[in-house]
$ cat input-v9.pdb   # PDB, C-alpha atoms and all ligand atoms
ATOM      1  CA  MET B1075      94.470-114.883 -61.168  1.00  0.00           C
ATOM      2  CA  GLY B1076      95.269-115.970 -57.647  1.00  0.00           C
ATOM      3  CA  PHE B1077      98.343-115.404 -55.576  1.00  0.00           C
ATOM      4  CA  ASP B1078     101.314-117.256 -56.966  1.00  0.00           C
ATOM      5  CA  LEU B1079     104.256-117.821 -54.628  1.00  0.00           C
ATOM      6  CA  ASN B1080     106.564-118.809 -57.500  1.00  0.00           C
ATOM      7  CA  ASP B1081     105.731-115.632 -59.321  1.00  0.00           C
ATOM      8  CA  LEU B1082     106.438-113.561 -56.200  1.00  0.00           C
ATOM      9  CA  ALA B1083     109.776-115.333 -55.648  1.00  0.00           C
ATOM     10  CA  TRP B1084     110.702-114.794 -59.280  1.00  0.00           C
ATOM     11  CA  ARG B1085     109.925-111.088 -59.049  1.00  0.00           C
ATOM     12  CA  LEU B1086     111.908-110.702 -55.840  1.00  0.00           C
ATOM     13  CA  PHE B1087     115.014-112.471 -57.064  1.00  0.00           C
ATOM     14  CA  SER B1088     115.240-111.449 -60.671  1.00  0.00           C
ATOM     15  CA  GLY B1089     114.689-108.376 -62.733  1.00  0.00           C
ATOM     16  CA  LYS B1090     115.008-104.743 -61.832  1.00  0.00           C
ATOM     17  CA  VAL B1091     113.957-104.842 -58.184  1.00  0.00           C
ATOM     18  CA  ALA B1092     116.393-107.610 -57.321  1.00  0.00           C
ATOM     19  CA  TYR B1093     119.176-106.000 -59.326  1.00  0.00           C
ATOM     20  CA  PHE B1094     118.961-102.690 -57.495  1.00  0.00           C
ATOM     21  CA  ILE B1095     118.118-103.781 -53.904  1.00  0.00           C
ATOM     22  CA  ASP B1096     121.774-103.874 -52.823  1.00  0.00           C
ATOM     23  CA  PHE B1097     122.336-100.346 -54.183  1.00  0.00           C
ATOM     24  CA  PHE B1098     119.863 -99.093 -51.571  1.00  0.00           C
ATOM     25  CA  ILE B1099     120.714-101.238 -48.581  1.00  0.00           C
ATOM     26  CA  VAL B1100     124.534-101.131 -48.707  1.00  0.00           C
ATOM     27  CA  PRO B1101     125.145 -97.357 -48.178  1.00  0.00           C
ATOM     28  CA  PRO B1102     123.019 -97.244 -44.969  1.00  0.00           C
ATOM     29  CA  ILE B1103     124.852-100.348 -43.683  1.00  0.00           C
ATOM     30  CA  ILE B1104     128.224 -98.625 -44.280  1.00  0.00           C
ATOM     31  CA  ALA B1105     127.001 -95.441 -42.574  1.00  0.00           C
ATOM     32  CA  ALA B1106     125.580 -97.386 -39.623  1.00  0.00           C
ATOM     33  CA  LEU B1107     128.832 -99.325 -39.115  1.00  0.00           C
ATOM     34  CA  LEU B1108     130.939 -96.149 -39.188  1.00  0.00           C
ATOM     35  CA  VAL B1109     128.587 -94.142 -36.942  1.00  0.00           C
ATOM     36  CA  TRP B1110     128.329 -97.028 -34.466  1.00  0.00           C
ATOM     37  CA  ASN B1111     132.101 -97.365 -34.496  1.00  0.00           C
ATOM     38  CA  SER B1112     132.797 -93.694 -33.810  1.00  0.00           C
ATOM     39  CA  LEU B1113     130.103 -93.512 -31.111  1.00  0.00           C
ATOM     40  CA  VAL B1114     131.410 -96.555 -29.283  1.00  0.00           C
ATOM     41  CA  PHE B1115     135.122 -96.008 -29.723  1.00  0.00           C
ATOM     42  CA  GLY B1116     135.301 -92.239 -29.832  1.00  0.00           C
ATOM     43  CA  ARG B1117     137.192 -89.759 -31.957  1.00  0.00           C
ATOM     44  CA  ASP B1118     140.644 -90.786 -30.836  1.00  0.00           C
ATOM     45  CA  HIS B1119     140.136 -93.954 -32.830  1.00  0.00           C
ATOM     46  CA  ALA B1120     139.739 -92.071 -36.141  1.00  0.00           C
ATOM     47  CA  GLY B1121     143.144 -93.313 -37.333  1.00  0.00           C
ATOM     48  CA  GLN B1122     142.268 -96.906 -36.544  1.00  0.00           C
ATOM     49  CA  ILE B1123     138.915 -96.589 -38.319  1.00  0.00           C
ATOM     50  CA  LEU B1124     140.598 -95.104 -41.397  1.00  0.00           C
ATOM     51  CA  ILE B1125     143.275 -97.829 -41.611  1.00  0.00           C
ATOM     52  CA  ALA B1126     140.744-100.640 -41.128  1.00  0.00           C
ATOM     53  CA  PHE B1127     138.353 -99.068 -43.660  1.00  0.00           C
ATOM     54  CA  ALA B1128     141.107 -98.660 -46.284  1.00  0.00           C
ATOM     55  CA  GLY B1129     142.319-102.217 -45.597  1.00  0.00           C
ATOM     56  CA  GLY B1130     138.772-103.529 -46.085  1.00  0.00           C
ATOM     57  CA  LEU B1131     138.425-101.611 -49.341  1.00  0.00           C
ATOM     58  CA  LEU B1132     141.706-102.999 -50.681  1.00  0.00           C
ATOM     59  CA  LEU B1133     140.736-106.509 -49.540  1.00  0.00           C
ATOM     60  CA  TRP B1134     137.480-106.230 -51.500  1.00  0.00           C
ATOM     61  CA  THR B1135     139.244-105.291 -54.754  1.00  0.00           C
ATOM     62  CA  PHE B1136     141.466-108.371 -54.348  1.00  0.00           C
ATOM     63  CA  VAL B1137     138.492-110.635 -53.602  1.00  0.00           C
ATOM     64  CA  GLU B1138     136.508-109.134 -56.489  1.00  0.00           C
ATOM     65  CA  TYR B1139     139.327-109.976 -58.904  1.00  0.00           C
ATOM     66  CA  PHE B1140     139.429-113.630 -57.819  1.00  0.00           C
ATOM     67  CA  ILE B1141     135.654-114.034 -57.648  1.00  0.00           C
ATOM     68  CA  HIS B1142     135.473-112.886 -61.261  1.00  0.00           C
ATOM     69  CA  ARG B1143     138.585-114.627 -62.573  1.00  0.00           C
ATOM     70  CA  LEU B1144     138.188-117.990 -60.837  1.00  0.00           C
ATOM     71  CA  LEU B1145     134.595-118.439 -59.661  1.00  0.00           C
ATOM     72  CA  PHE B1146     132.575-116.562 -62.301  1.00  0.00           C
ATOM     73  CA  HIS B1147     134.592-117.967 -65.198  1.00  0.00           C
ATOM     74  CA  HIS B1148     135.207-121.533 -64.033  1.00  0.00           C
ATOM     75  CA  VAL B1149     132.970-122.802 -61.219  1.00  0.00           C
ATOM     76  CA  TRP B1150     129.445-124.184 -61.614  1.00  0.00           C
ATOM     77  CA  PRO B1151     126.797-122.710 -61.221  1.00  0.00           C
ATOM     78  CA  LEU B1152     128.379-119.263 -61.049  1.00  0.00           C
ATOM     79  CA  LYS B1153     129.994-119.780 -64.454  1.00  0.00           C
ATOM     80  CA  GLN B1154     126.625-120.546 -66.051  1.00  0.00           C
ATOM     81  CA  MET B1155     125.095-117.429 -64.466  1.00  0.00           C
ATOM     82  CA  HIS B1156     128.034-115.283 -65.524  1.00  0.00           C
ATOM     83  CA  ASP B1157     127.884-116.718 -69.065  1.00  0.00           C
ATOM     84  CA  LEU B1158     124.367-115.272 -69.304  1.00  0.00           C
ATOM     85  CA  HIS B1159     125.830-111.866 -68.518  1.00  0.00           C
ATOM     86  CA  HIS B1160     128.523-112.298 -71.174  1.00  0.00           C
ATOM     87  CA  GLU B1161     125.933-113.361 -73.774  1.00  0.00           C
ATOM     88  CA  ASN B1162     123.600-110.522 -72.950  1.00  0.00           C
ATOM     89  CA  PRO B1163     125.611-107.755 -71.262  1.00  0.00           C
ATOM     90  CA  GLU B1164     122.858-105.144 -71.289  1.00  0.00           C
ATOM     91  CA  ALA B1165     120.361-107.324 -69.378  1.00  0.00           C
ATOM     92  CA  LEU B1166     120.212-106.803 -65.630  1.00  0.00           C
ATOM     93  CA  TYR B1167     121.732-110.060 -64.412  1.00  0.00           C
ATOM     94  CA  GLY B1168     123.214-109.198 -61.051  1.00  0.00           C
ATOM     95  CA  ALA B1169     124.279-111.045 -57.953  1.00  0.00           C
ATOM     96  CA  PRO B1170     121.326-112.391 -55.951  1.00  0.00           C
ATOM     97  CA  PRO B1171     120.105-109.574 -53.675  1.00  0.00           C
ATOM     98  CA  PHE B1172     121.366-109.560 -50.068  1.00  0.00           C
ATOM     99  CA  LEU B1173     123.904-112.303 -50.806  1.00  0.00           C
ATOM    100  CA  GLY B1174     126.924-109.966 -50.964  1.00  0.00           C
ATOM    101  CA  PRO B1175     126.167-108.101 -47.715  1.00  0.00           C
ATOM    102  CA  VAL B1176     125.264-111.339 -45.871  1.00  0.00           C
ATOM    103  CA  LEU B1177     128.489-113.049 -46.990  1.00  0.00           C
ATOM    104  CA  ILE B1178     130.542-109.993 -46.023  1.00  0.00           C
ATOM    105  CA  PHE B1179     129.079-110.061 -42.514  1.00  0.00           C
ATOM    106  CA  ALA B1180     129.618-113.815 -42.246  1.00  0.00           C
ATOM    107  CA  LEU B1181     133.145-113.967 -43.657  1.00  0.00           C
ATOM    108  CA  VAL B1182     134.653-110.608 -42.633  1.00  0.00           C
ATOM    109  CA  ASP B1183     132.749-109.182 -39.695  1.00  0.00           C
ATOM    110  CA  ALA B1184     132.056-112.396 -37.743  1.00  0.00           C
ATOM    111  CA  PRO B1185     135.685-113.662 -37.589  1.00  0.00           C
ATOM    112  CA  LEU B1186     137.086-110.182 -36.867  1.00  0.00           C
ATOM    113  CA  GLU B1187     134.594-109.653 -34.022  1.00  0.00           C
ATOM    114  CA  TYR B1188     136.605-112.182 -32.014  1.00  0.00           C
ATOM    115  CA  LEU B1189     139.698-110.019 -32.329  1.00  0.00           C
ATOM    116  CA  ASP B1190     138.336-106.497 -31.919  1.00  0.00           C
ATOM    117  CA  GLN B1191     134.873-105.025 -32.454  1.00  0.00           C
ATOM    118  CA  GLY B1192     136.174-101.640 -33.574  1.00  0.00           C
ATOM    119  CA  TRP B1193     138.487-103.070 -36.226  1.00  0.00           C
ATOM    120  CA  ALA B1194     135.754-105.476 -37.308  1.00  0.00           C
ATOM    121  CA  ALA B1195     133.127-102.779 -37.892  1.00  0.00           C
ATOM    122  CA  ALA B1196     135.470-100.442 -39.782  1.00  0.00           C
ATOM    123  CA  ALA B1197     136.990-103.206 -41.923  1.00  0.00           C
ATOM    124  CA  THR B1198     133.511-104.544 -42.714  1.00  0.00           C
ATOM    125  CA  ALA B1199     132.428-101.027 -43.739  1.00  0.00           C
ATOM    126  CA  GLY B1200     135.483-100.863 -46.046  1.00  0.00           C
ATOM    127  CA  VAL B1201     134.741-104.218 -47.686  1.00  0.00           C
ATOM    128  CA  MET B1202     131.090-103.191 -48.039  1.00  0.00           C
ATOM    129  CA  ALA B1203     132.174 -99.892 -49.664  1.00  0.00           C
ATOM    130  CA  GLY B1204     134.293-101.895 -52.125  1.00  0.00           C
ATOM    131  CA  TYR B1205     131.299-104.084 -52.926  1.00  0.00           C
ATOM    132  CA  PHE B1206     129.206-100.954 -53.546  1.00  0.00           C
ATOM    133  CA  LEU B1207     131.934 -99.548 -55.802  1.00  0.00           C
ATOM    134  CA  TYR B1208     131.946-102.824 -57.739  1.00  0.00           C
ATOM    135  CA  ILE B1209     128.190-103.090 -58.348  1.00  0.00           C
ATOM    136  CA  SER B1210     127.923 -99.388 -59.259  1.00  0.00           C
ATOM    137  CA  HIS B1211     130.929 -99.524 -61.585  1.00  0.00           C
ATOM    138  CA  HIS B1212     129.620-102.615 -63.296  1.00  0.00           C
ATOM    139  CA  TYR B1213     126.159-101.139 -63.724  1.00  0.00           C
ATOM    140  CA  LEU B1214     127.560 -97.859 -65.104  1.00  0.00           C
ATOM    141  CA  ASP B1215     130.013 -99.709 -67.403  1.00  0.00           C
ATOM    142  CA  HIS B1216     127.047-101.307 -69.176  1.00  0.00           C
ATOM    143  CA  ALA B1217     124.270 -98.737 -68.745  1.00  0.00           C
ATOM    144  CA  LYS B1218     126.474 -95.967 -70.203  1.00  0.00           C
ATOM    145  CA  PRO B1219     124.557 -93.008 -68.775  1.00  0.00           C
ATOM    146  CA  ARG B1220     125.719 -89.631 -70.066  1.00  0.00           C
ATOM    147  CA  PHE B1221     126.669 -88.300 -66.648  1.00  0.00           C
ATOM    148  CA  MET B1222     130.223 -89.042 -65.568  1.00  0.00           C
ATOM    149  CA  ALA B1223     130.883 -90.368 -69.079  1.00  0.00           C
ATOM    150  CA  ARG B1224     134.382 -88.873 -69.117  1.00  0.00           C
ATOM    151  CA  VAL B1225     135.299 -90.091 -65.652  1.00  0.00           C
ATOM    152  CA  LEU B1226     134.136 -93.617 -66.464  1.00  0.00           C
ATOM    153  CA  ALA B1227     135.428 -93.816 -70.048  1.00  0.00           C
ATOM    154  CA  ARG B1228     138.596 -95.731 -69.158  1.00  0.00           C
ATOM    155  CA  SER B1229     136.876 -98.224 -66.897  1.00  0.00           C
ATOM    156  CA  ARG B1230     134.121 -98.787 -69.471  1.00  0.00           C
ATOM    157  CA  ARG B1231     136.666 -99.427 -72.209  1.00  0.00           C
ATOM    158  CA  ARG B1232     138.521-101.826 -69.912  1.00  0.00           C
ATOM    159  CA  HIS B1233     135.374-103.828 -69.131  1.00  0.00           C
ATOM    160  CA  MET B1234     134.173-103.850 -72.765  1.00  0.00           C
ATOM    161  CA  LEU B1235     137.513-105.407 -73.753  1.00  0.00           C
ATOM    162  CA  HIS B1236     136.834-108.168 -71.203  1.00  0.00           C
ATOM    163  CA  HIS B1237     133.416-108.728 -72.813  1.00  0.00           C
ATOM    164  CA  HIS B1238     134.221-108.371 -76.501  1.00  0.00           C
ATOM    165  CA  ALA B1239     137.963-108.784 -77.085  1.00  0.00           C
ATOM    166  CA  ASP B1240     139.436-111.287 -74.615  1.00  0.00           C
ATOM    167  CA  LYS B1241     137.501-112.647 -71.654  1.00  0.00           C
ATOM    168  CA  ASP B1242     140.712-113.957 -70.066  1.00  0.00           C
ATOM    169  CA  THR B1243     141.854-110.393 -69.411  1.00  0.00           C
ATOM    170  CA  ASN B1244     140.662-107.331 -67.463  1.00  0.00           C
ATOM    171  CA  PHE B1245     138.900-109.132 -64.611  1.00  0.00           C
ATOM    172  CA  GLY B1246     138.972-106.126 -62.289  1.00  0.00           C
ATOM    173  CA  VAL B1247     135.826-104.002 -62.443  1.00  0.00           C
ATOM    174  CA  SER B1248     136.290-101.401 -59.718  1.00  0.00           C
ATOM    175  CA  THR B1249     140.052-101.153 -60.305  1.00  0.00           C
ATOM    176  CA  SER B1250     142.663-102.467 -62.759  1.00  0.00           C
ATOM    177  CA  LEU B1251     145.189-102.855 -59.907  1.00  0.00           C
ATOM    178  CA  TRP B1252     145.118-106.669 -59.632  1.00  0.00           C
ATOM    179  CA  ASP B1253     145.119-107.151 -63.421  1.00  0.00           C
ATOM    180  CA  HIS B1254     148.456-105.327 -63.388  1.00  0.00           C
ATOM    181  CA  VAL B1255     149.753-107.316 -60.418  1.00  0.00           C
ATOM    182  CA  PHE B1256     148.760-110.682 -61.933  1.00  0.00           C
ATOM    183  CA  ARG B1257     149.514-109.624 -65.522  1.00  0.00           C
ATOM    184  CA  THR B1258     146.044-110.187 -66.919  1.00  0.00           C
ATOM    185  CA  GLU B1259     145.521-106.693 -68.335  1.00  0.00           C
ATOM    186  CA  PHE B1260     144.472-106.577 -72.005  1.00  0.00           C
ATOM    187  CA  LYS B1261     147.618-106.090 -74.053  1.00  0.00           C
ATOM    188  CA  GLY B1262     146.362-106.499 -77.612  1.00  0.00           C
ATOM    189  CA  ARG B1263     145.342-103.837 -80.063  1.00  0.00           C
ATOM    190  CA  HIS B1264     141.835-102.420 -79.940  1.00  0.00           C
TER     191      HIS B1264
HETATM  192 ZN    ZN J   1     129.989-106.970 -67.499  1.00  0.00          ZN
HETATM  193 ZN    ZN J   2     133.499-112.083 -67.044  1.00  0.00          ZN
END
$ encode --input "input-v9.pdb" --output "structure tokens"
Amino acid sequence: MGFDLNDLAWRLFSGKVAYFIDFFIVPPIIAALLVWNSLVFGRDHAGQILIAFAGGLLLWTFVEYFIHRLLFHHVWPLKQMHDLHHENPEALYGAPPFLGPVLIFALVDAPLEYLDQGWAAAATAGVMAGYFLYISHHYLDHAKPRFMARVLARSRRRHMLHHHADKDTNFGVSTSLWDHVFRTEFKGRH
């Protein structure tokens, strides 16, 4: 059998390799942004880095909630892709690799660079950390490994209710914060 470009593309953008690529590239990006930031702006900017990082993290959780609630459940073609995940939750249907990090650089880092490079790098690292929290949480919610089972029990139960009880509730994966704010937490009996 000869070389098949379609086959190569399929392997790169679906299945296990594609699903886990972001797990390996995101932590070094976060580390690089924070190291670069502290080298360039020095230790006296630790407070600024911390505030921007925490702000980025919080921003991600908010964005994650709306991506799931509005885009994944209502907008073509994301809805169709997300439906596949709802039909077959154990299969490894993830976001296309690299898309999350690229969009974060384009939509968070690039605009903030115009204001201040230090704030931009730290806030981008925070958003990226939120994205990492989201993909790890979602993977662990479904993979149910034995380690950290107790720590993750609540979040797993919350996400399983979204899948099996009422898909119009519990949109938050990395945190239930915005479900409480927007009153979409699961309230029924389970
Ligand atoms: Zn899920
Ligand atoms: Zn969903």
$ closest_residue --input "input-v9.pdb" --among "B:Asp1215, B:Asp1242, B:Asp1118, B:Asp1078" --to "ligand ZN 1 (chain J)" --atoms "only C-alpha atoms and all ligand atoms"
B:Asp1215
$ resolve_selection --input "input-v9.pdb" --expression "the PyMOL selection byres (((chain B and resi 1194) around 12) and not hetatm)" --output "mmCIF file with C-alpha atoms, keeping the file's coordinate frame"
data_model
loop_
_atom_site.group_PDB
_atom_site.id
_atom_site.type_symbol
_atom_site.label_atom_id
_atom_site.label_comp_id
_atom_site.auth_asym_id
_atom_site.auth_seq_id
_atom_site.Cartn_x
_atom_site.Cartn_y
_atom_site.Cartn_z
ATOM 1 C CA LEU B 1107 128.832 -99.325 -39.115
ATOM 2 C CA LEU B 1108 130.939 -96.149 -39.188
ATOM 3 C CA TRP B 1110 128.329 -97.028 -34.466
ATOM 4 C CA ASN B 1111 132.101 -97.365 -34.496
ATOM 5 C CA GLN B 1122 142.268 -96.906 -36.544
ATOM 6 C CA ILE B 1123 138.915 -96.589 -38.319
ATOM 7 C CA ILE B 1125 143.275 -97.829 -41.611
ATOM 8 C CA ALA B 1126 140.744 -100.640 -41.128
ATOM 9 C CA PHE B 1127 138.353 -99.068 -43.660
ATOM 10 C CA GLY B 1129 142.319 -102.217 -45.597
ATOM 11 C CA GLY B 1130 138.772 -103.529 -46.085
ATOM 12 C CA ILE B 1178 130.542 -109.993 -46.023
ATOM 13 C CA PHE B 1179 129.079 -110.061 -42.514
ATOM 14 C CA ALA B 1180 129.618 -113.815 -42.246
ATOM 15 C CA LEU B 1181 133.145 -113.967 -43.657
ATOM 16 C CA VAL B 1182 134.653 -110.608 -42.633
ATOM 17 C CA ASP B 1183 132.749 -109.182 -39.695
ATOM 18 C CA ALA B 1184 132.056 -112.396 -37.743
ATOM 19 C CA PRO B 1185 135.685 -113.662 -37.589
ATOM 20 C CA LEU B 1186 137.086 -110.182 -36.867
ATOM 21 C CA GLU B 1187 134.594 -109.653 -34.022
ATOM 22 C CA TYR B 1188 136.605 -112.182 -32.014
ATOM 23 C CA LEU B 1189 139.698 -110.019 -32.329
ATOM 24 C CA ASP B 1190 138.336 -106.497 -31.919
ATOM 25 C CA GLN B 1191 134.873 -105.025 -32.454
ATOM 26 C CA GLY B 1192 136.174 -101.640 -33.574
ATOM 27 C CA TRP B 1193 138.487 -103.070 -36.226
ATOM 28 C CA ALA B 1195 133.127 -102.779 -37.892
ATOM 29 C CA ALA B 1196 135.470 -100.442 -39.782
ATOM 30 C CA ALA B 1197 136.990 -103.206 -41.923
ATOM 31 C CA THR B 1198 133.511 -104.544 -42.714
ATOM 32 C CA ALA B 1199 132.428 -101.027 -43.739
ATOM 33 C CA GLY B 1200 135.483 -100.863 -46.046
ATOM 34 C CA VAL B 1201 134.741 -104.218 -47.686
ATOM 35 C CA MET B 1202 131.090 -103.191 -48.039
#
$ residues_near_ligand --input "input-v9.pdb" --ligand "ligand ZN 2 (chain J)" --cutoff "12 Å" --atoms "all atoms listed in the file" --output "NGL selection string"
:B and (1138-1148 or 1152-1163 or 1212 or 1232-1247)
$ atom_distance --input "input-v9.pdb" --atom1 "atom CA of B:Ala1128" --atom2 "atom CA of B:Ile1104"
13.0 Å
$ axis_aligned_box --input "input-v9.pdb" --around "stretch 1166-1175 of chain B" --padding-each-side "8 Å" --output "JSON"
{"center_x": 123.5, "center_y": -109.6, "center_z": -56.7, "size_x": 22.8, "size_y": 21.6, "size_z": 33.9}
$ residues_around --input "input-v9.pdb" --residues "B:Glu1164" --least-positions-apart "6" --cutoff "10 Å" --atoms "all atoms listed in the file" --output "list in words"
Tyr1213, Asp1215, His1216, Ala1217 and Lys1218 of chain B
$ atom_distance --input "input-v9.pdb" --atom1 "atom CA of B:Phe1172" --atom2 "atom CA of B:Ala1120"
28.9 Å
$ closest_residue --input "input-v9.pdb" --among "B:Phe1221, B:Phe1256, B:Phe1206, B:Trp1134" --to "B:Ile1095" --atoms "all atoms listed in the file"
B:Phe1206
$ decode --input "input-v9.pdb" --residues "stretch 1130-1148 of chain B" --atoms "N, CA and C atoms" --output "JSON list (two decimals), in the first residue's frame"
[["chain", "number", "residue", "atom", "x", "y", "z"],
["B", 1130, "GLY", "N", -7.03, 35.64, 33.73],
["B", 1130, "GLY", "CA", -7.10, 34.80, 32.53],
["B", 1130, "GLY", "C", -7.80, 33.48, 32.82],
["B", 1131, "LEU", "N", -7.48, 32.91, 33.97],
["B", 1131, "LEU", "CA", -8.07, 31.63, 34.38],
["B", 1131, "LEU", "C", -9.60, 31.79, 34.54],
["B", 1132, "LEU", "N", -9.99, 32.85, 35.22],
["B", 1132, "LEU", "CA", -11.42, 33.11, 35.44],
["B", 1132, "LEU", "C", -12.12, 33.36, 34.09],
["B", 1133, "LEU", "N", -11.45, 34.13, 33.22],
["B", 1133, "LEU", "CA", -12.01, 34.41, 31.90],
["B", 1133, "LEU", "C", -12.25, 33.11, 31.14],
["B", 1134, "TRP", "N", -11.30, 32.17, 31.23],
["B", 1134, "TRP", "CA", -11.47, 30.90, 30.53],
["B", 1134, "TRP", "C", -12.73, 30.17, 31.01],
["B", 1135, "THR", "N", -12.92, 30.10, 32.34],
["B", 1135, "THR", "CA", -14.07, 29.34, 32.85],
["B", 1135, "THR", "C", -15.37, 29.93, 32.32],
["B", 1136, "PHE", "N", -15.41, 31.25, 32.19],
["B", 1136, "PHE", "CA", -16.59, 31.94, 31.65],
["B", 1136, "PHE", "C", -16.78, 31.59, 30.17],
["B", 1137, "VAL", "N", -15.68, 31.65, 29.42],
["B", 1137, "VAL", "CA", -15.73, 31.34, 27.99],
["B", 1137, "VAL", "C", -16.11, 29.87, 27.77],
["B", 1138, "GLU", "N", -15.54, 29.01, 28.59],
["B", 1138, "GLU", "CA", -15.83, 27.57, 28.49],
["B", 1138, "GLU", "C", -17.33, 27.31, 28.65],
["B", 1139, "TYR", "N", -17.93, 27.97, 29.63],
["B", 1139, "TYR", "CA", -19.36, 27.81, 29.89],
["B", 1139, "TYR", "C", -20.18, 28.18, 28.64],
["B", 1140, "PHE", "N", -19.84, 29.33, 28.02],
["B", 1140, "PHE", "CA", -20.62, 29.78, 26.87],
["B", 1140, "PHE", "C", -20.31, 28.99, 25.61],
["B", 1141, "ILE", "N", -19.06, 28.54, 25.47],
["B", 1141, "ILE", "CA", -18.75, 27.69, 24.30],
["B", 1141, "ILE", "C", -19.61, 26.44, 24.37],
["B", 1142, "HIS", "N", -19.69, 25.85, 25.56],
["B", 1142, "HIS", "CA", -20.46, 24.61, 25.71],
["B", 1142, "HIS", "C", -21.96, 24.89, 25.59],
["B", 1143, "ARG", "N", -22.43, 25.87, 26.34],
["B", 1143, "ARG", "CA", -23.89, 26.11, 26.38],
["B", 1143, "ARG", "C", -24.43, 26.60, 25.03],
["B", 1144, "LEU", "N", -23.75, 27.56, 24.42],
["B", 1144, "LEU", "CA", -24.30, 28.15, 23.19],
["B", 1144, "LEU", "C", -23.75, 27.51, 21.92],
["B", 1145, "LEU", "N", -22.42, 27.41, 21.80],
["B", 1145, "LEU", "CA", -21.87, 26.93, 20.53],
["B", 1145, "LEU", "C", -22.02, 25.42, 20.39],
["B", 1146, "PHE", "N", -21.56, 24.65, 21.39],
["B", 1146, "PHE", "CA", -21.58, 23.19, 21.27],
["B", 1146, "PHE", "C", -23.00, 22.62, 21.22],
["B", 1147, "HIS", "N", -23.96, 23.32, 21.81],
["B", 1147, "HIS", "CA", -25.32, 22.76, 21.82],
["B", 1147, "HIS", "C", -26.26, 23.38, 20.80],
["B", 1148, "HIS", "N", -25.81, 24.43, 20.08],
["B", 1148, "HIS", "CA", -26.75, 25.08, 19.17],
["B", 1148, "HIS", "C", -26.20, 25.46, 17.80]]
